[in-house]
Each structure stands twice: as structure tokens, then as C-alpha cells.
Amino acid sequence: MLKTILKSALGIWIALVIVAALLYAPPAMGLGDLSRIIYFHVPLAWVGVLAYLISMVYSVRFLRRGLIKDDSLAAVNAEIGFIFTLLATITGAVFARFTWGVFWNWDPRQTSIFILLLIYSAYFVLRSSVDEEGRRARLSSVFSIFAFISVPFLVFVIPRVYATLHPDPIISTESGFQMNAVMFRVFLASLVGFTGIYAWIFNLSSRLINLEQNNRRENE
Amino acid sequence: MVKTSFSWINAVSAIVTKDLIDEFRTRHALTAMILFSLTTLVTVSFTIGIYALDVMLHSALIWIIVFFSAMSALNRSFTKEEDSGTILALKMSATAETIYSGKLVFNTLLLLVLIVVMLPLYYVMMNPPSGSNIALLILICITGLLSLSGATTLLAAVVARAGSRGSLLPVLAFPVLLPVLLTVIRGTGIALGGGSGEELKTDFLFLLSYLVIVVTASLLLIPYVMED
């Protein structure tokens with residue numbers, strides 16, 4: 001019962017966010033209607049990074065406790081993160097095309113998100129190349145943690161090599177990209193909505209994992 | 001305490017010696033690596049050797065050749081133990097951390113040979129512009145190689161345990177090594193253009209801190225890779 005209410009509330013919430021982002025929020029100065037993409041692009045990127053972080057946490061937990069379930073949850077989170085970062089990359093490229101003139105120019109943000117996609121593609125390749133369950137879980141957890149460590153270095157290196165055109169990711173009064181109160185409200189509502197979608201997908205997949213495990217136990 | 005650290009050094013050097021003897025007898029990794037780098041170098045030289053290239057282009061070419069040659073050599077460091085079935089004996093006679101350290105030292109030595117052979121050949125075949133800061137060039141190459149082998153040794157163990165051969169190592173190593181490659185390509189370009197060490201101070205610091213962090217993480221993670 002609670003689940004149905006939550007699900008419908010989420011659906012209505014997201015519908016309202018879409019309407020508000022397209023009609024209610026005013027266009028930003030200098031960008032016009034293009035600015036409306038941030039109500040989708042930024043939450044997508046946020047959920048992507050959140051899912052990767054949680055995937056890493058589950059990998060660490062797997063290595064500490066050795067439960068296969070933790071590894072399955074890490075993999076599911078990596079998959080969710082991959083889809084969301086892919087969508088963030090696409091929306092970002094669309095934004096880049098209509099503000100900077102090209103879809104792709106190896107801007108630091110584009111480079112770092114591309115590396116994230118590469119890391120997790122490699123993670124899936126590694127998973128698919130090991131058959132034995134325990135070993136697959138260990139190896140992919142190790143790789144996930146190891147690759148995650150190198151990400152902060154990218155943040156340091158890439159801005160030294162290339163200059164960025166991306167708007168300041170930190171929303172503050174000093175940054176170039178300023179939001180008024182109405183825009184900020186829609187933006188926060190969208191962040192909450194997308195995080196809700198993530199929580200829903202996560203809930204669905206962890207229930208699926210539980211069912212699969214029970215099923216296997218019964219068969220044995 | 002003193003005694004344990006000595007025995008640890010002894011164990012690591014025993015593994016390095018074992019690998020050196022093995023390599024000296026078969027020369028498998030060495031010949032594969034040198035021939036690989038030679039083939040790529042000759043291909044590059046045939047096609048674009050006649051043009052006067054920018055220093056950054058030279059540096060990018062050098063590191064593309066080094067990266068892929070290194071991958072072909074380091075791929076063997078753990079898979080050869082799996083292939084010959086010696087991994088069990090190795091695991092019985094040493095801890096995972098010791099095996100990792102031994103392999104790390106051996107891989108670094110192997111890459112040093114690569115750069116000693118490859119760089120002079122590159123100079124002969126590609127004629128990079130004169131006026132380079134040779135000492136700085138050698139220094140940045142060696143620091144780059146240390147970071148390269150530091151990050152790749154753990155991944156080589158992962159690939160060997162995954163039981164997959166061939167192309168998996170570069171796929172796993174590339175995203176992890178990208179910060180190193182970008183820094184080292186930029187640094188090599190500056191050294192080839194005759195820049196001073198002062199310009200590259202932060203780059204050296206960066207590479208060394210990367211090396212320390214990556215090796216520490218590898219030492220923490222390697223027991224999970226070796227475990228059965």
C-alpha cells in the first residue's frame with residue numbers, strides 16, 4: 001500500500017517538475033530557454049555520481065564481509081550510475097552544441113565524465129570475463145576501488161591541460177551562473193525527484209537480487 | 001622489528017631474482033616487448049618520419065609506443081604463473097604483499113630496459129628537434145615508468161586471476177593511467193622543447209604522490225586478488 005502511494009507520488013512529482021522546468025521557471029539571463037536543460041542535466045549527473053559512490057561503498061563492504069549480495073548491489077549501482085552518467089553526457093553535449101558550437105570538444109568536464117564511463121565499461125568487461133561467482137565479486141570489487149582512487153587525480157590534472165567552458169558546478173552567488181529564487185526552487189525539486197527515481201530503481205533491483213538468491217537457495 | 005623488515009626484503013629480492021632468472025632463460029617478455037615497440041616505432045617512422053613534428057606530437061608518439069609495449073610485457077607478469085601452474089607454489093612460499101612487491105620491482109626493471117632501448121632508437125629514427133633538455137627528459141620518463149608499473153602490477157594480477165588473456169589489461173589500465181599519461185606527455189613535450197626542471201616541479205610532485213597512493217592501495221588490495 002505504502003509502495004503504491006510512494007510510486008504515484010513520485011510520478012506526480014516528476015510530472016510537476018517537468019512542467020515547472022519547461023513553463024514555470026524563467027529563462028536564465030544570456031542563455032534563454034537553453035538554461036532549462038540544467039533542471040535535467042545536473043540531477044542526472046548528481047544521481048550518476050551518487051550511484052557510483054554507493055557502488056564503491058558496497059565494493060568495500062563486500063571485501064570486508066564477503067557476502068555475495070553486497071557485490072550484486074555494487075554491480076547494480078554501477079549499472080544505474082552508468083545509465084545516468086551516459087544521459088548526463090548526452091544532455092551536456094546537447095547544451096554544448098547550442099552554447100559553445102560543438103557537441104564534443106574534450107572540455108575538462110567532458111573528459112572526466114568520459115573517463116568515468118570508460119572505468120565502468122572496463123568494470124563490466126571484467127565482470128563478464130570471470131565465470132566463478134566469488135572470484136568475480138572479489139576482482140571487480142578490487143578494480144572498482146582501485147579505479148575510484150585515480151578519479152581525484154583527474155580532477156587535478158585535466159584543468160592544467162585544458163581550459164573549461166563549463167558553467168561553475170557549485171551554485172553560489174559568486175559563480176557566473178546565477179539562479180533566482182524561482183529557478184532554484186525548481187532545480188531543488190528536480191534534484192529531489194531524480195534522487196527519488198534512483199531510490200526506486202535501487203529498491204526494485206535489490207528486491208530482485210533477494211528473490212534470485214532465495215530462488216537459488218531453494219533449488220539447491 | 002628490524003629482523004622482520006630484513007626478511008621481507010630478502011623475500012622480495014628472492015622473487016625478483018626468480019623472475020630475472022626465468023626471464024633470462026626464456027626472454028619471453030623482453031623480446032615480445034622490444035619487438036612490439038620496434039614494430040610500432042618503424043611503422044610511425046615509415047609513415048611520418050620525414051615530417052618535422054611539433055615536440056608535443058613527438059612526446060605523444062613516444063608514450064603511445066611505451067604504453068602499449070608496456071601492456072604487452074606486464075600482461076605476462078602474473079599470467080605466466082597461472083599458465084605454468086606455479087602460482088600455488090608461489091602463494092605457499094610468500095605472502096601476497098611480498099609477491100606484489102617482487103613483481104613490481106621486476107616490472108619496473110623491465111620497463112627501464114624498454115625505455116633504454118626505445119628512446120635512443122626513437123632519436124635515431126624520428127629526429128626530434130635539437131635543443132632538448134636530455135637530463136630532464138630521462139628523469140620524467142623514469143618517473144612516468146615508475147607510476148606506470150606501480151598502477152599496472154595490481155591490474156595485471158587481476159587480469160591473470162580473471163583467467164582472461166590478451167586485450168583485457170589495456171582496457172582496465174587505460175582509465176586508471178590516464179592522469180599519468182596526460183602529465184607525462186605534457187612533461188616529455190616540455191623536456192623535448194628544452195624546458196627547465198622548474199617548470200615541471202608540480203608534475204614530478206604529482207607523479208610521485210600518485211605512485212605512493214597507488215602502491216599503497218595495491219598493497220592493501222592484493223590479498224583479496226590472490227585469495228582463493
# chains A, B, ... in the order shown; residues from 1 in each chain; ligands from 1
>>> residues_around(residues="segment 108-116 of chain B", least_positions_apart="4", cutoff="8 Å", atoms="only C-alpha atoms", output="mmCIF file with N, CA, C and O atoms, in the first residue's frame")
data_model
loop_
_atom_site.group_PDB
_atom_site.id
_atom_site.type_symbol
_atom_site.label_atom_id
_atom_site.label_comp_id
_atom_site.auth_asym_id
_atom_site.auth_seq_id
_atom_site.Cartn_x
_atom_site.Cartn_y
_atom_site.Cartn_z
ATOM 1 N N LEU B 30 60.729 -9.903 -22.571
ATOM 2 C CA LEU B 30 61.653 -8.912 -23.123
ATOM 3 C C LEU B 30 61.570 -8.852 -24.642
ATOM 4 O O LEU B 30 61.399 -7.764 -25.226
ATOM 5 N N MET B 33 58.217 -7.462 -25.838
ATOM 6 C CA MET B 33 58.093 -6.031 -25.606
ATOM 7 C C MET B 33 58.954 -5.223 -26.574
ATOM 8 O O MET B 33 58.491 -4.259 -27.195
ATOM 9 N N ILE B 34 60.224 -5.631 -26.714
ATOM 10 C CA ILE B 34 61.128 -4.868 -27.574
ATOM 11 C C ILE B 34 60.666 -4.947 -29.031
ATOM 12 O O ILE B 34 60.637 -3.930 -29.742
ATOM 13 N N VAL B 66 55.286 3.480 -25.769
ATOM 14 C CA VAL B 66 55.664 2.930 -24.463
ATOM 15 C C VAL B 66 54.466 2.268 -23.795
ATOM 16 O O VAL B 66 54.577 1.152 -23.265
ATOM 17 N N ALA B 70 54.471 -1.611 -22.987
ATOM 18 C CA ALA B 70 54.467 -1.956 -21.572
ATOM 19 C C ALA B 70 53.317 -2.904 -21.258
ATOM 20 O O ALA B 70 53.491 -3.878 -20.522
ATOM 21 N N LEU B 104 56.407 -5.952 -8.735
ATOM 22 C CA LEU B 104 56.511 -4.515 -9.008
ATOM 23 C C LEU B 104 57.943 -4.138 -9.364
ATOM 24 O O LEU B 104 58.183 -3.444 -10.365
ATOM 25 N N PRO B 120 66.710 5.932 -27.456
ATOM 26 C CA PRO B 120 67.755 6.194 -28.449
ATOM 27 C C PRO B 120 67.303 5.848 -29.865
ATOM 28 O O PRO B 120 67.560 6.611 -30.807
ATOM 29 N N CYS B 141 60.835 10.526 -17.915
ATOM 30 C CA CYS B 141 60.486 9.197 -18.430
ATOM 31 C C CYS B 141 60.547 8.163 -17.313
ATOM 32 O O CYS B 141 59.655 7.313 -17.191
ATOM 33 N N ILE B 142 61.609 8.248 -16.475
ATOM 34 C CA ILE B 142 61.745 7.251 -15.403
ATOM 35 C C ILE B 142 60.620 7.410 -14.381
ATOM 36 O O ILE B 142 60.001 6.424 -13.953
ATOM 37 N N LEU B 145 57.560 5.953 -15.816
ATOM 38 C CA LEU B 145 57.582 4.487 -15.827
ATOM 39 C C LEU B 145 57.267 3.911 -14.461
ATOM 40 O O LEU B 145 56.570 2.896 -14.357
ATOM 41 N N LEU B 146 57.793 4.589 -13.401
ATOM 42 C CA LEU B 146 57.511 4.111 -12.043
ATOM 43 C C LEU B 146 56.009 4.120 -11.794
ATOM 44 O O LEU B 146 55.440 3.137 -11.303
ATOM 45 N N SER B 149 54.295 1.287 -13.893
ATOM 46 C CA SER B 149 54.364 -0.090 -13.367
ATOM 47 C C SER B 149 53.666 -0.175 -12.022
ATOM 48 O O SER B 149 53.067 -1.200 -11.698
#
>>> interface_residues(of="chain B", to="chain A", cutoff="10 Å", atoms="only C-alpha atoms", output="NGL selection string")
:B and (151 or 154-155 or 157-159 or 161-165 or 168-180 or 182-183 or 186 or 203 or 206-207 or 209-210 or 213-214 or 217-218 or 220-222 or 224-228)
>>> select_by_dssp(residues="segment 53-207 of chain A", states="helix (DSSP H, G or I)", output="short mmCIF file (atom, residue, chain, number, x, y, z; two decimals) with N, CA and C atoms, in the first residue's frame")
data_model
loop_
_atom_site.label_atom_id
_atom_site.label_comp_id
_atom_site.auth_asym_id
_atom_site.auth_seq_id
_atom_site.Cartn_x
_atom_site.Cartn_y
_atom_site.Cartn_z
N LEU A 53 29.29 6.25 -6.13
CA LEU A 53 29.81 6.29 -4.77
C LEU A 53 29.25 5.12 -3.96
N ILE A 54 27.94 4.90 -4.08
CA ILE A 54 27.32 3.81 -3.32
C ILE A 54 27.84 2.46 -3.81
N SER A 55 28.09 2.35 -5.12
CA SER A 55 28.68 1.13 -5.66
C SER A 55 30.04 0.86 -5.02
N MET A 56 30.83 1.92 -4.87
CA MET A 56 32.15 1.79 -4.25
C MET A 56 32.01 1.35 -2.81
N VAL A 57 31.05 1.95 -2.09
CA VAL A 57 30.84 1.60 -0.68
C VAL A 57 30.47 0.12 -0.57
N TYR A 58 29.61 -0.37 -1.47
CA TYR A 58 29.24 -1.79 -1.43
C TYR A 58 30.43 -2.68 -1.78
N SER A 59 31.31 -2.21 -2.69
CA SER A 59 32.51 -3.00 -3.01
C SER A 59 33.38 -3.15 -1.78
N VAL A 60 33.58 -2.03 -1.04
CA VAL A 60 34.39 -2.10 0.18
C VAL A 60 33.74 -3.04 1.18
N ARG A 61 32.40 -2.93 1.31
CA ARG A 61 31.67 -3.78 2.25
C ARG A 61 31.79 -5.25 1.87
N PHE A 62 31.78 -5.51 0.54
CA PHE A 62 31.94 -6.91 0.12
C PHE A 62 33.29 -7.44 0.57
N LEU A 63 34.37 -6.66 0.34
CA LEU A 63 35.70 -7.14 0.71
C LEU A 63 35.80 -7.35 2.21
N ARG A 64 35.08 -6.55 3.00
CA ARG A 64 35.16 -6.71 4.46
C ARG A 64 34.34 -7.90 4.93
N ARG A 65 33.15 -8.09 4.36
CA ARG A 65 32.25 -9.12 4.92
C ARG A 65 32.13 -10.37 4.07
N ILE A 68 27.99 -12.22 -1.05
CA ILE A 68 27.81 -12.03 -2.49
C ILE A 68 26.77 -10.93 -2.77
N LYS A 69 25.80 -10.79 -1.85
CA LYS A 69 24.74 -9.81 -2.06
C LYS A 69 25.32 -8.39 -2.19
N ASP A 70 26.33 -8.08 -1.37
CA ASP A 70 26.94 -6.75 -1.44
C ASP A 70 27.52 -6.50 -2.82
N ASP A 71 28.14 -7.56 -3.39
CA ASP A 71 28.73 -7.40 -4.72
C ASP A 71 27.64 -7.19 -5.76
N SER A 72 26.53 -7.93 -5.65
CA SER A 72 25.44 -7.74 -6.62
C SER A 72 24.92 -6.31 -6.53
N LEU A 73 24.80 -5.78 -5.30
CA LEU A 73 24.31 -4.41 -5.14
C LEU A 73 25.31 -3.41 -5.73
N ALA A 74 26.61 -3.69 -5.56
CA ALA A 74 27.63 -2.82 -6.15
C ALA A 74 27.47 -2.80 -7.67
N ALA A 75 27.24 -3.99 -8.26
CA ALA A 75 27.11 -4.08 -9.71
C ALA A 75 25.87 -3.33 -10.18
N VAL A 76 24.77 -3.50 -9.45
CA VAL A 76 23.52 -2.82 -9.83
C VAL A 76 23.71 -1.31 -9.78
N ASN A 77 24.37 -0.83 -8.71
CA ASN A 77 24.62 0.60 -8.61
C ASN A 77 25.52 1.11 -9.72
N ALA A 78 26.50 0.29 -10.10
CA ALA A 78 27.37 0.70 -11.20
C ALA A 78 26.57 0.80 -12.49
N GLU A 79 25.60 -0.12 -12.68
CA GLU A 79 24.78 -0.07 -13.89
C GLU A 79 23.90 1.19 -13.89
N ILE A 80 23.26 1.46 -12.73
CA ILE A 80 22.43 2.66 -12.65
C ILE A 80 23.29 3.90 -12.92
N GLY A 81 24.46 3.94 -12.25
CA GLY A 81 25.36 5.08 -12.44
C GLY A 81 25.75 5.25 -13.89
N PHE A 82 26.00 4.12 -14.57
CA PHE A 82 26.41 4.19 -15.97
C PHE A 82 25.33 4.82 -16.84
N ILE A 83 24.08 4.36 -16.65
CA ILE A 83 22.99 4.91 -17.46
C ILE A 83 22.81 6.40 -17.19
N PHE A 84 22.84 6.78 -15.90
CA PHE A 84 22.63 8.18 -15.58
C PHE A 84 23.77 9.06 -16.08
N THR A 85 25.03 8.61 -15.95
CA THR A 85 26.12 9.44 -16.47
C THR A 85 26.07 9.50 -18.00
N LEU A 86 25.63 8.41 -18.62
CA LEU A 86 25.51 8.45 -20.08
C LEU A 86 24.49 9.51 -20.50
N LEU A 87 23.35 9.53 -19.80
CA LEU A 87 22.33 10.54 -20.09
C LEU A 87 22.86 11.95 -19.80
N ALA A 88 23.61 12.10 -18.70
CA ALA A 88 24.19 13.40 -18.38
C ALA A 88 25.16 13.83 -19.47
N THR A 89 25.93 12.87 -20.00
CA THR A 89 26.86 13.20 -21.08
C THR A 89 26.11 13.68 -22.31
N ILE A 90 25.01 12.99 -22.64
CA ILE A 90 24.26 13.36 -23.84
C ILE A 90 23.62 14.73 -23.66
N THR A 91 22.95 14.96 -22.51
CA THR A 91 22.33 16.28 -22.31
C THR A 91 23.39 17.37 -22.29
N GLY A 92 24.56 17.04 -21.70
CA GLY A 92 25.65 18.02 -21.68
C GLY A 92 26.13 18.34 -23.08
N ALA A 93 26.23 17.31 -23.93
CA ALA A 93 26.70 17.53 -25.30
C ALA A 93 25.70 18.39 -26.07
N VAL A 94 24.40 18.18 -25.81
CA VAL A 94 23.38 19.00 -26.48
C VAL A 94 23.53 20.46 -26.05
N PHE A 95 23.72 20.66 -24.74
CA PHE A 95 23.92 22.01 -24.22
C PHE A 95 25.16 22.64 -24.87
N ALA A 96 26.24 21.84 -24.97
CA ALA A 96 27.49 22.36 -25.54
C ALA A 96 27.30 22.76 -26.99
N ARG A 97 26.53 21.97 -27.74
CA ARG A 97 26.32 22.26 -29.15
C ARG A 97 25.68 23.64 -29.34
N PHE A 98 24.71 23.98 -28.47
CA PHE A 98 23.96 25.21 -28.69
C PHE A 98 24.52 26.40 -27.93
N THR A 99 25.53 26.18 -27.05
CA THR A 99 26.16 27.35 -26.43
C THR A 99 27.59 27.54 -26.92
N PRO A 108 37.33 19.81 -20.07
CA PRO A 108 37.67 19.02 -18.87
C PRO A 108 36.50 18.23 -18.31
N ARG A 109 35.31 18.84 -18.27
CA ARG A 109 34.15 18.11 -17.73
C ARG A 109 33.81 16.93 -18.63
N GLN A 110 33.87 17.15 -19.91
CA GLN A 110 33.55 16.06 -20.85
C GLN A 110 34.60 14.98 -20.72
N THR A 111 35.89 15.39 -20.57
CA THR A 111 36.94 14.39 -20.45
C THR A 111 36.73 13.56 -19.19
N SER A 112 36.44 14.25 -18.05
CA SER A 112 36.35 13.45 -16.82
C SER A 112 35.13 12.53 -16.83
N ILE A 113 34.01 12.98 -17.41
CA ILE A 113 32.84 12.11 -17.44
C ILE A 113 33.09 10.95 -18.41
N PHE A 114 33.86 11.23 -19.47
CA PHE A 114 34.22 10.17 -20.41
C PHE A 114 35.07 9.10 -19.72
N ILE A 115 36.00 9.53 -18.87
CA ILE A 115 36.84 8.58 -18.14
C ILE A 115 35.98 7.75 -17.19
N LEU A 116 35.00 8.41 -16.54
CA LEU A 116 34.10 7.66 -15.66
C LEU A 116 33.40 6.56 -16.45
N LEU A 117 32.90 6.91 -17.64
CA LEU A 117 32.22 5.91 -18.47
C LEU A 117 33.18 4.79 -18.84
N LEU A 118 34.45 5.16 -19.16
CA LEU A 118 35.45 4.15 -19.52
C LEU A 118 35.73 3.21 -18.36
N ILE A 119 35.89 3.79 -17.15
CA ILE A 119 36.18 2.98 -15.97
C ILE A 119 35.08 1.94 -15.77
N TYR A 120 33.82 2.40 -15.85
CA TYR A 120 32.75 1.45 -15.57
C TYR A 120 32.50 0.51 -16.74
N SER A 121 32.83 0.91 -17.98
CA SER A 121 32.78 -0.08 -19.07
C SER A 121 33.78 -1.18 -18.81
N ALA A 122 35.01 -0.77 -18.38
CA ALA A 122 36.04 -1.76 -18.08
C ALA A 122 35.56 -2.67 -16.95
N TYR A 123 34.86 -2.09 -15.97
CA TYR A 123 34.32 -2.86 -14.84
C TYR A 123 33.36 -3.93 -15.34
N PHE A 124 32.48 -3.56 -16.30
CA PHE A 124 31.52 -4.55 -16.82
C PHE A 124 32.23 -5.62 -17.65
N VAL A 125 33.26 -5.19 -18.42
CA VAL A 125 34.02 -6.17 -19.21
C VAL A 125 34.68 -7.18 -18.28
N LEU A 126 35.28 -6.66 -17.18
CA LEU A 126 35.93 -7.54 -16.21
C LEU A 126 34.92 -8.52 -15.60
N ARG A 127 33.75 -8.00 -15.22
CA ARG A 127 32.73 -8.88 -14.62
C ARG A 127 32.32 -9.99 -15.57
N SER A 128 32.16 -9.61 -16.87
CA SER A 128 31.66 -10.61 -17.79
C SER A 128 32.73 -11.63 -18.15
N SER A 129 34.01 -11.34 -17.84
CA SER A 129 35.05 -12.29 -18.26
C SER A 129 35.39 -13.30 -17.16
N GLU A 133 31.59 -17.13 -9.32
CA GLU A 133 30.92 -16.00 -8.68
C GLU A 133 31.79 -15.28 -7.63
N GLY A 134 32.39 -16.05 -6.73
CA GLY A 134 33.17 -15.42 -5.66
C GLY A 134 34.36 -14.66 -6.21
N ARG A 135 35.03 -15.27 -7.17
CA ARG A 135 36.21 -14.63 -7.75
C ARG A 135 35.82 -13.37 -8.53
N ARG A 136 34.69 -13.45 -9.26
CA ARG A 136 34.23 -12.28 -10.00
C ARG A 136 33.96 -11.13 -9.02
N ALA A 137 33.31 -11.46 -7.90
CA ALA A 137 32.98 -10.44 -6.91
C ALA A 137 34.25 -9.79 -6.36
N ARG A 138 35.24 -10.63 -6.01
CA ARG A 138 36.47 -10.08 -5.44
C ARG A 138 37.21 -9.21 -6.43
N LEU A 139 37.41 -9.73 -7.65
CA LEU A 139 38.20 -9.00 -8.63
C LEU A 139 37.53 -7.69 -9.01
N SER A 140 36.20 -7.73 -9.20
CA SER A 140 35.57 -6.49 -9.64
C SER A 140 35.51 -5.47 -8.51
N SER A 141 35.39 -5.96 -7.24
CA SER A 141 35.44 -5.00 -6.13
C SER A 141 36.80 -4.33 -6.07
N VAL A 142 37.86 -5.13 -6.22
CA VAL A 142 39.21 -4.57 -6.19
C VAL A 142 39.38 -3.54 -7.29
N PHE A 143 38.93 -3.87 -8.50
CA PHE A 143 39.09 -2.92 -9.60
C PHE A 143 38.29 -1.65 -9.36
N SER A 144 37.07 -1.82 -8.86
CA SER A 144 36.22 -0.65 -8.62
C SER A 144 36.86 0.31 -7.63
N ILE A 145 37.42 -0.23 -6.54
CA ILE A 145 38.06 0.62 -5.54
C ILE A 145 39.31 1.27 -6.13
N PHE A 146 40.11 0.46 -6.83
CA PHE A 146 41.37 0.94 -7.38
C PHE A 146 41.14 2.05 -8.40
N ALA A 147 40.12 1.88 -9.26
CA ALA A 147 39.85 2.88 -10.28
C ALA A 147 39.30 4.15 -9.66
N PHE A 148 38.51 3.98 -8.60
CA PHE A 148 37.91 5.15 -7.95
C PHE A 148 38.99 6.05 -7.36
N ILE A 149 40.11 5.44 -6.92
CA ILE A 149 41.19 6.21 -6.31
C ILE A 149 41.82 7.18 -7.32
N SER A 150 41.83 6.77 -8.60
CA SER A 150 42.51 7.62 -9.59
C SER A 150 41.66 8.79 -10.03
N VAL A 151 40.37 8.79 -9.69
CA VAL A 151 39.49 9.87 -10.16
C VAL A 151 39.89 11.24 -9.61
N PRO A 152 40.20 11.37 -8.29
CA PRO A 152 40.62 12.69 -7.80
C PRO A 152 41.83 13.26 -8.55
N PHE A 153 42.74 12.38 -9.00
CA PHE A 153 43.89 12.87 -9.75
C PHE A 153 43.48 13.52 -11.05
N LEU A 154 42.45 12.96 -11.68
CA LEU A 154 41.95 13.55 -12.93
C LEU A 154 41.46 14.97 -12.69
N VAL A 155 40.77 15.15 -11.56
CA VAL A 155 40.23 16.47 -11.24
C VAL A 155 41.37 17.48 -11.13
N PHE A 156 42.54 17.00 -10.65
CA PHE A 156 43.68 17.89 -10.53
C PHE A 156 44.37 18.12 -11.87
N VAL A 157 44.52 17.05 -12.65
CA VAL A 157 45.36 17.12 -13.85
C VAL A 157 44.67 17.83 -15.00
N ILE A 158 43.41 17.45 -15.27
CA ILE A 158 42.81 17.90 -16.51
C ILE A 158 42.69 19.42 -16.62
N PRO A 159 42.28 20.13 -15.57
CA PRO A 159 42.22 21.58 -15.72
C PRO A 159 43.57 22.21 -16.04
N ARG A 160 44.68 21.53 -15.68
CA ARG A 160 46.00 22.07 -16.03
C ARG A 160 46.28 21.92 -17.52
N VAL A 161 45.67 20.93 -18.13
CA VAL A 161 45.96 20.67 -19.54
C VAL A 161 45.01 21.46 -20.45
N ALA A 181 15.30 32.92 -7.23
CA ALA A 181 14.64 32.05 -6.25
C ALA A 181 13.75 31.01 -6.93
N VAL A 182 13.02 31.43 -7.97
CA VAL A 182 12.09 30.50 -8.64
C VAL A 182 12.87 29.37 -9.30
N MET A 183 13.94 29.73 -10.03
CA MET A 183 14.74 28.71 -10.71
C MET A 183 15.32 27.73 -9.69
N PHE A 184 15.80 28.30 -8.58
CA PHE A 184 16.45 27.46 -7.58
C PHE A 184 15.46 26.46 -6.99
N ARG A 185 14.21 26.93 -6.80
CA ARG A 185 13.19 26.04 -6.24
C ARG A 185 12.92 24.86 -7.20
N VAL A 186 12.76 25.19 -8.49
CA VAL A 186 12.51 24.13 -9.48
C VAL A 186 13.70 23.17 -9.52
N PHE A 187 14.90 23.76 -9.45
CA PHE A 187 16.12 22.96 -9.52
C PHE A 187 16.18 21.96 -8.35
N LEU A 188 15.92 22.46 -7.14
CA LEU A 188 15.93 21.58 -5.96
C LEU A 188 14.86 20.50 -6.08
N ALA A 189 13.66 20.90 -6.56
CA ALA A 189 12.57 19.93 -6.71
C ALA A 189 12.99 18.83 -7.68
N SER A 190 13.70 19.22 -8.75
CA SER A 190 14.15 18.24 -9.73
C SER A 190 15.20 17.30 -9.13
N LEU A 191 16.13 17.89 -8.34
CA LEU A 191 17.14 17.05 -7.66
C LEU A 191 16.46 16.00 -6.78
N VAL A 192 15.47 16.45 -6.00
CA VAL A 192 14.75 15.53 -5.12
C VAL A 192 14.05 14.45 -5.95
N GLY A 193 13.39 14.88 -7.04
CA GLY A 193 12.66 13.93 -7.88
C GLY A 193 13.57 12.87 -8.47
N PHE A 194 14.71 13.31 -9.02
CA PHE A 194 15.62 12.34 -9.64
C PHE A 194 16.23 11.42 -8.60
N THR A 195 16.54 11.95 -7.42
CA THR A 195 17.05 11.08 -6.36
C THR A 195 15.98 10.06 -5.99
N GLY A 196 14.71 10.48 -6.02
CA GLY A 196 13.61 9.55 -5.77
C GLY A 196 13.56 8.45 -6.80
N ILE A 197 13.76 8.80 -8.08
CA ILE A 197 13.79 7.77 -9.13
C ILE A 197 14.90 6.78 -8.86
N TYR A 198 16.07 7.34 -8.47
CA TYR A 198 17.20 6.45 -8.16
C TYR A 198 16.84 5.50 -7.03
N ALA A 199 16.23 6.06 -5.96
CA ALA A 199 15.87 5.21 -4.81
C ALA A 199 14.91 4.12 -5.24
N TRP A 200 13.98 4.45 -6.14
CA TRP A 200 13.01 3.47 -6.61
C TRP A 200 13.69 2.34 -7.39
N ILE A 201 14.57 2.74 -8.35
CA ILE A 201 15.26 1.71 -9.14
C ILE A 201 16.10 0.83 -8.23
N PHE A 202 16.79 1.47 -7.27
CA PHE A 202 17.65 0.74 -6.34
C PHE A 202 16.82 -0.26 -5.54
N ASN A 203 15.66 0.19 -5.07
CA ASN A 203 14.77 -0.67 -4.29
C ASN A 203 14.30 -1.87 -5.12
N LEU A 204 13.88 -1.58 -6.36
CA LEU A 204 13.43 -2.66 -7.25
C LEU A 204 14.54 -3.68 -7.46
N SER A 205 15.77 -3.19 -7.77
CA SER A 205 16.81 -4.15 -8.11
C SER A 205 17.27 -4.92 -6.89
N SER A 206 17.27 -4.28 -5.70
CA SER A 206 17.73 -5.06 -4.54
C SER A 206 16.68 -6.12 -4.18
N ARG A 207 15.38 -5.81 -4.41
CA ARG A 207 14.37 -6.84 -4.19
C ARG A 207 14.55 -8.00 -5.17
#
